[in-house]
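K.L.:
My structure is stored as model_37.cif, with mmCIF, C-alpha atoms.
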```cif
data_upload
loop_
_atom_site.group_PDB
_atom_site.id
_atom_site.type_symbol
_atom_site.label_atom_id
_atom_site.label_comp_id
_atom_site.auth_asym_id
_atom_site.auth_seq_id
_atom_site.Cartn_x
_atom_site.Cartn_y
_atom_site.Cartn_z
ATOM 1 C CA MET A 262 -19.182 3.936 -5.044
ATOM 2 C CA PHE A 263 -20.541 6.965 -6.905
ATOM 3 C CA ASN A 264 -23.356 9.507 -6.588
ATOM 4 C CA GLU A 265 -23.635 10.094 -10.327
ATOM 5 C CA ALA A 266 -26.367 7.642 -11.398
ATOM 6 C CA ALA A 267 -25.121 7.109 -14.961
ATOM 7 C CA LEU A 268 -21.579 6.432 -13.753
ATOM 8 C CA GLN A 269 -22.761 4.030 -11.058
ATOM 9 C CA GLN A 270 -24.871 2.159 -13.599
ATOM 10 C CA ALA A 271 -21.920 1.860 -15.982
ATOM 11 C CA PHE A 272 -19.718 0.775 -13.078
ATOM 12 C CA ASP A 273 -22.145 -1.931 -11.935
ATOM 13 C CA GLN A 274 -22.369 -3.361 -15.455
ATOM 14 C CA VAL A 275 -18.634 -4.098 -15.758
ATOM 15 C CA ALA A 276 -17.229 -4.369 -12.214
ATOM 16 C CA VAL A 277 -16.223 -7.916 -11.263
ATOM 17 C CA GLN A 278 -16.022 -8.854 -7.573
ATOM 18 C CA LYS A 279 -12.914 -10.740 -6.569
ATOM 19 C CA TYR A 280 -12.081 -12.145 -3.139
ATOM 20 C CA VAL A 281 -8.352 -12.491 -2.486
ATOM 21 C CA LYS A 282 -6.525 -14.005 0.503
ATOM 22 C CA ALA A 283 -3.854 -12.155 2.472
ATOM 23 C CA ASP A 284 -0.288 -12.319 1.085
ATOM 24 C CA THR A 285 -1.527 -12.993 -2.461
ATOM 25 C CA GLU A 286 0.351 -11.127 -5.179
ATOM 26 C CA ILE A 287 -2.158 -9.563 -7.569
ATOM 27 C CA MET A 288 0.316 -7.555 -9.648
ATOM 28 C CA ALA A 289 3.998 -8.120 -10.416
ATOM 29 C CA VAL A 290 6.615 -5.817 -11.903
ATOM 30 C CA GLY A 291 6.448 -6.148 -15.686
ATOM 31 C CA ASP A 292 2.825 -7.318 -15.797
ATOM 32 C CA THR A 293 0.605 -5.965 -18.540
ATOM 33 C CA ILE A 294 -2.254 -4.241 -16.756
ATOM 34 C CA THR A 295 -5.645 -5.372 -18.037
ATOM 35 C CA TRP A 296 -7.741 -4.712 -14.911
ATOM 36 C CA ILE A 297 -7.860 -1.859 -12.401
ATOM 37 C CA PRO A 298 -8.447 -3.037 -8.801
ATOM 38 C CA ILE A 299 -10.628 -0.887 -6.561
ATOM 39 C CA VAL A 300 -10.503 -2.016 -2.934
ATOM 40 C CA ARG A 301 -13.903 -2.582 -1.353
ATOM 41 C CA LYS A 302 -12.685 -4.345 1.801
ATOM 42 C CA GLY A 303 -9.210 -5.084 3.133
ATOM 43 C CA SER A 304 -6.070 -3.413 1.798
ATOM 44 C CA LEU A 305 -3.191 -3.784 -0.653
ATOM 45 C CA ARG A 306 0.509 -3.114 -0.062
ATOM 46 C CA ILE A 307 2.488 -1.550 -2.913
ATOM 47 C CA LEU A 308 6.209 -2.245 -3.318
ATOM 48 C CA ALA A 309 8.768 -0.793 -5.719
ATOM 49 C CA GLN A 310 11.544 -2.962 -7.144
ATOM 50 C CA ASP A 311 15.024 -1.992 -8.330
ATOM 51 C CA GLY A 312 17.023 -3.542 -11.151
ATOM 52 C CA GLU A 313 18.496 -6.146 -8.813
ATOM 53 C CA GLY A 314 15.101 -7.331 -7.598
ATOM 54 C CA ARG A 315 15.271 -5.635 -4.193
ATOM 55 C CA GLU A 316 11.919 -4.292 -3.011
ATOM 56 C CA ARG A 317 10.932 -1.270 -0.976
ATOM 57 C CA TYR A 318 7.576 -0.515 0.639
ATOM 58 C CA LEU A 319 5.798 2.521 -0.853
ATOM 59 C CA TYR A 320 2.217 2.810 0.409
ATOM 60 C CA HIS A 321 -1.093 1.033 1.075
ATOM 61 C CA ILE A 322 -4.337 1.087 -0.901
ATOM 62 C CA LEU A 323 -7.332 1.210 1.432
ATOM 63 C CA PRO A 324 -11.107 0.711 0.935
ATOM 64 C CA GLY A 325 -12.529 2.997 -1.744
ATOM 65 C CA GLU A 326 -9.106 3.545 -3.287
ATOM 66 C CA THR A 327 -7.307 2.197 -6.341
ATOM 67 C CA CYS A 328 -3.747 2.047 -7.614
ATOM 68 C CA ALA A 329 -2.563 5.258 -9.272
ATOM 69 C CA THR A 330 0.273 3.342 -10.915
ATOM 70 C CA SER A 331 -2.259 1.045 -12.594
ATOM 71 C CA LEU A 332 -4.228 4.035 -13.829
ATOM 72 C CA THR A 333 -1.119 5.689 -15.231
ATOM 73 C CA CYS A 334 0.266 2.540 -16.821
ATOM 74 C CA CYS A 335 -2.960 1.520 -18.532
ATOM 75 C CA VAL A 336 -3.509 4.998 -20.000
ATOM 76 C CA SER A 337 0.072 5.121 -21.344
ATOM 77 C CA SER A 338 0.060 1.418 -22.367
ATOM 78 C CA ARG A 339 3.015 0.634 -20.075
ATOM 79 C CA VAL A 340 3.631 -2.448 -17.960
ATOM 80 C CA SER A 341 3.457 -2.323 -14.169
ATOM 81 C CA SER A 342 6.435 -0.772 -12.383
ATOM 82 C CA VAL A 343 5.323 -1.950 -8.916
ATOM 83 C CA ARG A 344 4.223 -5.109 -7.104
ATOM 84 C CA ALA A 345 0.859 -5.258 -5.316
ATOM 85 C CA VAL A 346 0.328 -7.702 -2.435
ATOM 86 C CA VAL A 347 -2.878 -8.235 -0.450
ATOM 87 C CA GLU A 348 -2.205 -7.053 3.110
ATOM 88 C CA GLU A 349 -5.293 -8.679 4.606
ATOM 89 C CA ASP A 350 -8.121 -10.687 3.053
ATOM 90 C CA ALA A 351 -9.608 -8.333 0.485
ATOM 91 C CA GLU A 352 -12.669 -7.832 -1.656
ATOM 92 C CA LEU A 353 -11.768 -6.112 -4.908
ATOM 93 C CA LEU A 354 -13.850 -4.610 -7.677
ATOM 94 C CA MET A 355 -11.994 -5.263 -10.934
ATOM 95 C CA ILE A 356 -12.529 -2.819 -13.807
ATOM 96 C CA PRO A 357 -11.300 -3.525 -17.368
ATOM 97 C CA VAL A 358 -8.705 -0.879 -18.258
ATOM 98 C CA ARG A 359 -10.613 0.377 -21.326
ATOM 99 C CA TYR A 360 -13.123 2.096 -19.041
ATOM 100 C CA VAL A 361 -10.540 4.281 -17.294
ATOM 101 C CA ASP A 362 -10.461 6.486 -20.383
ATOM 102 C CA GLU A 363 -14.061 5.955 -21.546
ATOM 103 C CA TRP A 364 -15.499 7.066 -18.196
ATOM 104 C CA MET A 365 -13.686 10.403 -18.330
ATOM 105 C CA VAL A 366 -16.971 11.773 -19.735
ATOM 106 C CA TYR A 367 -18.323 11.492 -16.183
ATOM 107 C CA PRO A 368 -17.242 14.418 -13.937
ATOM 108 C CA GLU A 369 -17.286 12.267 -10.797
ATOM 109 C CA TRP A 370 -14.965 9.684 -12.382
ATOM 110 C CA ARG A 371 -12.521 12.407 -13.469
ATOM 111 C CA LYS A 372 -12.548 13.751 -9.927
ATOM 112 C CA TYR A 373 -12.009 10.263 -8.495
ATOM 113 C CA VAL A 374 -9.020 9.550 -10.764
ATOM 114 C CA ASN A 375 -7.462 12.966 -10.090
ATOM 115 C CA GLU A 376 -7.863 12.584 -6.329
ATOM 116 C CA VAL A 377 -6.316 9.092 -6.368
ATOM 117 C CA GLN A 378 -3.320 10.313 -8.343
ATOM 118 C CA ALA A 379 -2.862 13.366 -6.125
ATOM 119 C CA GLN A 380 -3.035 11.271 -2.962
ATOM 120 C CA ARG A 381 -0.556 8.699 -4.278
ATOM 121 C CA PHE A 382 1.848 11.459 -5.352
ATOM 122 C CA GLN A 383 1.727 12.910 -1.843
ATOM 123 C CA GLU A 384 2.376 9.475 -0.350
ATOM 124 C CA LEU A 385 5.350 8.952 -2.653
ATOM 125 C CA LEU A 386 6.778 12.304 -1.526
ATOM 126 C CA GLU A 387 6.318 11.223 2.091
ATOM 127 C CA ALA A 388 7.996 7.878 1.349
ATOM 128 C CA PHE A 389 10.942 9.721 -0.214
ATOM 129 C CA GLU A 390 11.169 12.040 2.785
ATOM 130 C CA VAL A 391 11.229 9.065 5.154
ATOM 131 C CA VAL A 392 13.974 7.288 3.199
ATOM 132 C CA ALA A 393 16.082 10.358 2.493
ATOM 133 C CA PHE A 394 15.908 12.287 5.736
ATOM 134 C CA ARG A 395 14.855 10.074 8.649
ATOM 135 C CA LYS A 396 16.962 7.717 10.683
ATOM 136 C CA LEU A 397 16.391 4.006 10.149
ATOM 137 C CA ASP A 398 14.612 3.551 13.482
ATOM 138 C CA GLU A 399 12.074 6.184 12.394
ATOM 139 C CA GLN A 400 11.745 4.450 9.022
ATOM 140 C CA ILE A 401 10.972 1.148 10.779
ATOM 141 C CA TRP A 402 8.391 2.800 13.024
ATOM 142 C CA ASN A 403 6.733 4.567 10.075
ATOM 143 C CA TYR A 404 6.603 1.275 8.160
ATOM 144 C CA LEU A 405 5.083 -0.613 11.107
ATOM 145 C CA MET A 406 2.505 2.121 11.746
ATOM 146 C CA LYS A 407 1.427 2.156 8.082
ATOM 147 C CA ARG A 408 0.878 -1.599 8.133
ATOM 148 C CA SER A 409 -0.976 -1.372 11.456
ATOM 149 C CA GLN A 410 -3.251 1.376 10.121
ATOM 150 C CA ALA A 411 -3.957 -0.666 6.975
ATOM 151 C CA THR A 412 -5.108 -3.714 8.947
ATOM 152 C CA GLY A 413 -6.560 -1.958 11.989
ATOM 153 C CA GLU A 414 -4.483 -4.272 14.177
ATOM 154 C CA SER A 415 -1.760 -3.307 16.660
ATOM 155 C CA THR A 416 -0.170 -6.769 16.464
ATOM 156 C CA LEU A 417 1.502 -7.568 13.149
ATOM 157 C CA ARG A 418 2.552 -11.005 11.956
ATOM 158 C CA LEU A 419 5.985 -10.041 10.683
ATOM 159 C CA THR A 420 9.450 -11.516 10.925
ATOM 160 C CA HIS A 421 12.579 -9.398 11.189
ATOM 161 C CA GLN A 422 13.611 -10.700 7.766
ATOM 162 C CA GLN A 423 10.367 -9.554 6.158
ATOM 163 C CA ILE A 424 10.849 -6.057 7.568
ATOM 164 C CA ALA A 425 14.467 -6.045 6.416
ATOM 165 C CA ASP A 426 13.467 -7.099 2.905
ATOM 166 C CA GLU A 427 10.883 -4.327 2.475
ATOM 167 C CA LEU A 428 13.152 -1.648 3.972
ATOM 168 C CA VAL A 429 16.218 -2.879 2.034
ATOM 169 C CA SER A 430 18.337 -3.258 5.153
ATOM 170 C CA PRO A 431 20.357 -6.112 6.710
ATOM 171 C CA ARG A 432 18.282 -8.263 9.063
ATOM 172 C CA GLU A 433 20.834 -7.836 11.861
ATOM 173 C CA VAL A 434 20.371 -4.057 11.726
ATOM 174 C CA ILE A 435 16.574 -4.377 11.813
ATOM 175 C CA THR A 436 16.776 -6.744 14.799
ATOM 176 C CA ARG A 437 19.033 -4.353 16.706
ATOM 177 C CA LEU A 438 16.756 -1.369 16.060
ATOM 178 C CA LEU A 439 13.614 -3.343 16.973
ATOM 179 C CA GLN A 440 15.292 -4.219 20.261
ATOM 180 C CA GLN A 441 15.885 -0.500 20.821
ATOM 181 C CA LEU A 442 12.229 0.253 20.097
ATOM 182 C CA ARG A 443 11.292 -2.465 22.589
ATOM 183 C CA THR A 444 13.543 -0.897 25.235
ATOM 184 C CA ARG A 445 11.723 2.411 24.722
ATOM 185 C CA GLY A 446 8.372 0.646 25.165
ATOM 186 C CA LEU A 447 7.238 1.232 21.582
ATOM 187 C CA VAL A 448 6.972 -2.428 20.599
ATOM 188 C CA THR A 449 6.641 -5.878 22.120
ATOM 189 C CA LEU A 450 8.438 -8.582 20.169
ATOM 190 C CA GLY A 451 7.423 -12.228 19.837
ATOM 191 C CA ARG A 452 8.201 -15.064 17.475
ATOM 192 C CA GLY A 453 7.020 -13.736 14.119
ATOM 193 C CA LEU A 454 5.048 -10.993 15.892
ATOM 194 C CA VAL A 455 5.488 -7.271 16.492
ATOM 195 C CA GLU A 456 2.993 -5.494 18.756
ATOM 196 C CA LEU A 457 2.929 -1.688 18.529
ATOM 197 C CA HIS A 458 2.463 0.742 21.431
ATOM 198 C CA PRO A 459 2.062 4.202 19.824
ATOM 199 C CA GLU A 460 0.924 5.627 23.170
ATOM 200 C CA ALA A 461 4.562 5.352 24.265
ATOM 201 C CA MET A 462 5.700 7.981 21.738
ATOM 202 C CA ASP A 463 6.922 11.295 23.138
ATOM 203 C CA ALA A 464 4.728 14.411 23.269
ATOM 204 C CA ARG A 465 6.010 15.565 19.873
ATOM 205 C CA GLY A 466 4.928 12.321 18.243
ATOM 206 C CA ARG A 467 8.541 11.336 17.619
ATOM 207 C CA VAL A 468 10.156 7.939 18.003
#
```
Could you write out this file's structure as structure tokens?

P.N.:
Amino acid sequence: MFNEAALQQAFDQVAVQKYVKADTEIMAVGDTITWIPIVRKGSLRILAQDGEGRERYLYHILPGETCATSLTCCVSSRVSSVRAVVEEDAELLMIPVRYVDEWMVYPEWRKYVNEVQAQRFQELLEAFEVVAFRKLDEQIWNYLMKRSQATGESTLRLTHQQIADELVSPREVITRLLQQLRTRGLVTLGRGLVELHPEAMDARGRV
């Protein structure tokens, strides 16, 4: 993980390997955060939740990355404000939260934490831009592409209802827009499957 020998030694002494199956929830809204997950293999999907329990997709955590929300919450002694779900079978390195602050004496750890937080902030801005300014068909395409990039697979095992739930939209609307994407050659639809064809996008990279 790290080039700084002292940091790597400290990391190896406390990191706990954890293997988690796809679709497993590893963090729920309201959980007290006691461990920080760093993804070694696989990926995690992060979802926000409103007061009525409706969820919205935010971003993915990929190999070498961790959850900025977890870092922020553990430092400020707050509970989790997001839900984390394993996108595909994952290998995680679990770090007790006490070390997030203790390891700030290591320059490479400070850089790692700052870069994670900066990246997540940029992704949250992009998520806001997608929700606030793009049409729903573009939101669906962006969501599908993010999940495809996280798994490295062009065929996703997703139902229309699952997409609707994470985009906070009626299933009927999602089905209609997926049919439109299929007509444009961007997706192939099957029972519980969505296959992406990004090569069918126009020259400007627009849906």

K.L.:
Measuring atom to atom with all atoms listed in the file, identify which of A:Ala266, A:Met406, A:Leu397, A:Ala379 is nearest to Leu439 in chain A.

P.N.:
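Ranked by minimum distance to Leu439 in chain A, first place goes to A:Leu397.
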
K.L.:
Compare A:Thr420, A:Thr293, A:Gln310, A:Thr449 by their minimum atom-to-atom distance to Ile435 in chain A, counting all atoms listed in the file, and give me the closest one.

P.N.:
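The shortest atom-to-atom distance to Ile435 in chain A comes from A:Thr420.
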
K.L.:
Which one of A:Gln422, A:Thr412, A:Asn403, A:Thr330 sits closest to Gln380 in chain A if you count only C-alpha atoms?

P.N.:
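Among the listed residues, A:Thr330 lies closest to Gln380 in chain A.
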
K.L.:
Can you work out the spacing between CA of Glu363 in chain A and CA of Val300 in chain A in Å, to one decimal?

P.N.:
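So the two atoms, CA of Glu363 in chain A and CA of Val300 in chain A, lie 20.6 Å apart.
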
K.L.:
Kindly provide, as a CSV table (one decimal) with C-alpha atoms, in the frame of the given file, the polymer residues lying within 10 Å of (2.2, -1.6, -2.1), counting only C-alpha atoms and using the coordinates exactly as they appear in the file.

P.N.:
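And here is the file that came out, out.csv:
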```csv
chain,number,residue,atom,x,y,z
A,288,MET,CA,0.3,-7.6,-9.6
A,304,SER,CA,-6.1,-3.4,1.8
A,305,LEU,CA,-3.2,-3.8,-0.7
A,306,ARG,CA,0.5,-3.1,-0.1
A,307,ILE,CA,2.5,-1.6,-2.9
A,308,LEU,CA,6.2,-2.2,-3.3
A,309,ALA,CA,8.8,-0.8,-5.7
A,317,ARG,CA,10.9,-1.3,-1.0
A,318,TYR,CA,7.6,-0.5,0.6
A,319,LEU,CA,5.8,2.5,-0.9
A,320,TYR,CA,2.2,2.8,0.4
A,321,HIS,CA,-1.1,1.0,1.1
A,322,ILE,CA,-4.3,1.1,-0.9
A,328,CYS,CA,-3.7,2.0,-7.6
A,343,VAL,CA,5.3,-2.0,-8.9
A,344,ARG,CA,4.2,-5.1,-7.1
A,345,ALA,CA,0.9,-5.3,-5.3
A,346,VAL,CA,0.3,-7.7,-2.4
A,347,VAL,CA,-2.9,-8.2,-0.4
A,348,GLU,CA,-2.2,-7.1,3.1
```

K.L.:
Go through A:Val377, A:Val448, A:Leu419, A:Ala411 and flag the residue nearest Ala351 in chain A, using all atoms listed in the file for the distances.

P.N.:
A:Ala411

K.L.:
Identify, on the basis of all atoms listed in the file, every residue whose closest approach to Gln274 in chain A does not exceed 12 Å; exclude the query and any residue fewer than 4 positions from it along the same chain; express the result as a list in words.

P.N.:
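After dropping sequence-adjacent residues, the list is Ala267, Leu268, Gln269, Gln270, Gln278, Leu354, Met355, Ile356, Pro357 and Tyr360 of chain A.
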
K.L.:
Mind running range 315-409 of chain A against range 454-458 of chain A at 12 Å and telling me each contacting residue's nearest atom pair with the distance in Å (one decimal), counting all atoms listed in the file, chain and number ascending, as a Markdown table?

P.N.:
```
| residue | atom | partner | partner_atom | distance |
| --- | --- | --- | --- | --- |
| A:Ile401 | CA | A:Leu457 | CA | 11.5 |
| A:Trp402 | CA | A:Leu457 | CA | 9.0 |
| A:Asn403 | CA | A:Leu457 | CA | 11.2 |
| A:Tyr404 | CA | A:Leu457 | CA | 11.4 |
| A:Leu405 | CA | A:Leu457 | CA | 7.8 |
| A:Met406 | CA | A:Leu457 | CA | 7.8 |
| A:Lys407 | CA | A:Leu457 | CA | 11.2 |
| A:Arg408 | CA | A:Leu457 | CA | 10.6 |
| A:Ser409 | CA | A:Leu457 | CA | 8.1 |
```

K.L.:
Mind checking which residues fall within 10 Å of Lys302 in chain A, counting only C-alpha atoms, ignoring those fewer than 6 positions away in the same chain, and posting them as a list in words?

P.N.:
Tyr280, Leu323, Pro324, Gly325, Glu349, Asp350, Ala351, Glu352, Leu353 and Leu354 of chain A

K.L.:
With the PyMOL selection byres ((chain A and resi 434) around 12) as the selection, what would be picked from this file? Answer as a short mmCIF file (atom, residue, chain, number, x, y, z; two decimals) with C-alpha atoms, in the coordinates of the input, please.

P.N.:
```
data_model
loop_
_atom_site.label_atom_id
_atom_site.label_comp_id
_atom_site.auth_asym_id
_atom_site.auth_seq_id
_atom_site.Cartn_x
_atom_site.Cartn_y
_atom_site.Cartn_z
CA LEU A 397 16.39 4.01 10.15
CA ASP A 398 14.61 3.55 13.48
CA ILE A 401 10.97 1.15 10.78
CA HIS A 421 12.58 -9.40 11.19
CA GLN A 422 13.61 -10.70 7.77
CA ILE A 424 10.85 -6.06 7.57
CA ALA A 425 14.47 -6.04 6.42
CA ASP A 426 13.47 -7.10 2.90
CA LEU A 428 13.15 -1.65 3.97
CA VAL A 429 16.22 -2.88 2.03
CA SER A 430 18.34 -3.26 5.15
CA PRO A 431 20.36 -6.11 6.71
CA ARG A 432 18.28 -8.26 9.06
CA GLU A 433 20.83 -7.84 11.86
CA ILE A 435 16.57 -4.38 11.81
CA THR A 436 16.78 -6.74 14.80
CA ARG A 437 19.03 -4.35 16.71
CA LEU A 438 16.76 -1.37 16.06
CA LEU A 439 13.61 -3.34 16.97
CA GLN A 440 15.29 -4.22 20.26
CA GLN A 441 15.88 -0.50 20.82
#
```

K.L.:
Figure out the distance between CA of Ala329 in chain A and CA of Val374 in chain A, please, to one decimal in Å.

P.N.:
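Interatomic distance, CA of Val374 in chain A to CA of Ala329 in chain A: 7.9 Å.
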
K.L.:
Using the chain letters and numbers from this file, what does the PyMOL selection byres ((chain A and resi 292) around 10) select? Give the answer as a VMD selection string.

P.N.:
chain A and resid 287 to 291 293 to 295 339 to 344

K.L.:
Please determine the residues with any atom at most 10 Å from (-16.6, 8.4, -14.8) (coordinates as given in the file, with only C-alpha atoms counting) and report them as a PDB file with C-alpha atoms, in the frame of the given file.

P.N.:
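Result file follows (point_10.pdb):
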```
ATOM      1  CA  PHE A 263     -20.541   6.965  -6.905  1.00  0.00           C
ATOM      2  CA  GLU A 265     -23.635  10.094 -10.327  1.00  0.00           C
ATOM      3  CA  ALA A 267     -25.121   7.109 -14.961  1.00  0.00           C
ATOM      4  CA  LEU A 268     -21.579   6.432 -13.753  1.00  0.00           C
ATOM      5  CA  GLN A 269     -22.761   4.030 -11.058  1.00  0.00           C
ATOM      6  CA  ALA A 271     -21.920   1.860 -15.982  1.00  0.00           C
ATOM      7  CA  PHE A 272     -19.718   0.775 -13.078  1.00  0.00           C
ATOM      8  CA  TYR A 360     -13.123   2.096 -19.041  1.00  0.00           C
ATOM      9  CA  VAL A 361     -10.540   4.281 -17.294  1.00  0.00           C
ATOM     10  CA  ASP A 362     -10.461   6.486 -20.383  1.00  0.00           C
ATOM     11  CA  GLU A 363     -14.061   5.955 -21.546  1.00  0.00           C
ATOM     12  CA  TRP A 364     -15.499   7.066 -18.196  1.00  0.00           C
ATOM     13  CA  MET A 365     -13.686  10.403 -18.330  1.00  0.00           C
ATOM     14  CA  VAL A 366     -16.971  11.773 -19.735  1.00  0.00           C
ATOM     15  CA  TYR A 367     -18.323  11.492 -16.183  1.00  0.00           C
ATOM     16  CA  PRO A 368     -17.242  14.418 -13.937  1.00  0.00           C
ATOM     17  CA  GLU A 369     -17.286  12.267 -10.797  1.00  0.00           C
ATOM     18  CA  TRP A 370     -14.965   9.684 -12.382  1.00  0.00           C
ATOM     19  CA  ARG A 371     -12.521  12.407 -13.469  1.00  0.00           C
ATOM     20  CA  LYS A 372     -12.548  13.751  -9.927  1.00  0.00           C
ATOM     21  CA  TYR A 373     -12.009  10.263  -8.495  1.00  0.00           C
ATOM     22  CA  VAL A 374      -9.020   9.550 -10.764  1.00  0.00           C
TER      23      VAL A 374
END
```

K.L.:
Please indicate the distance in Å from CA of Pro459 in chain A to CA of Glu387 in chain A, rounded to one decimal place.

P.N.:
19.5 Å

K.L.:
Using only C-alpha atoms, find the one residue out of A:Trp296, A:Ala461, A:Gly451, A:Gly312 that sits nearest to Arg359 in chain A.

P.N.:
A:Trp296
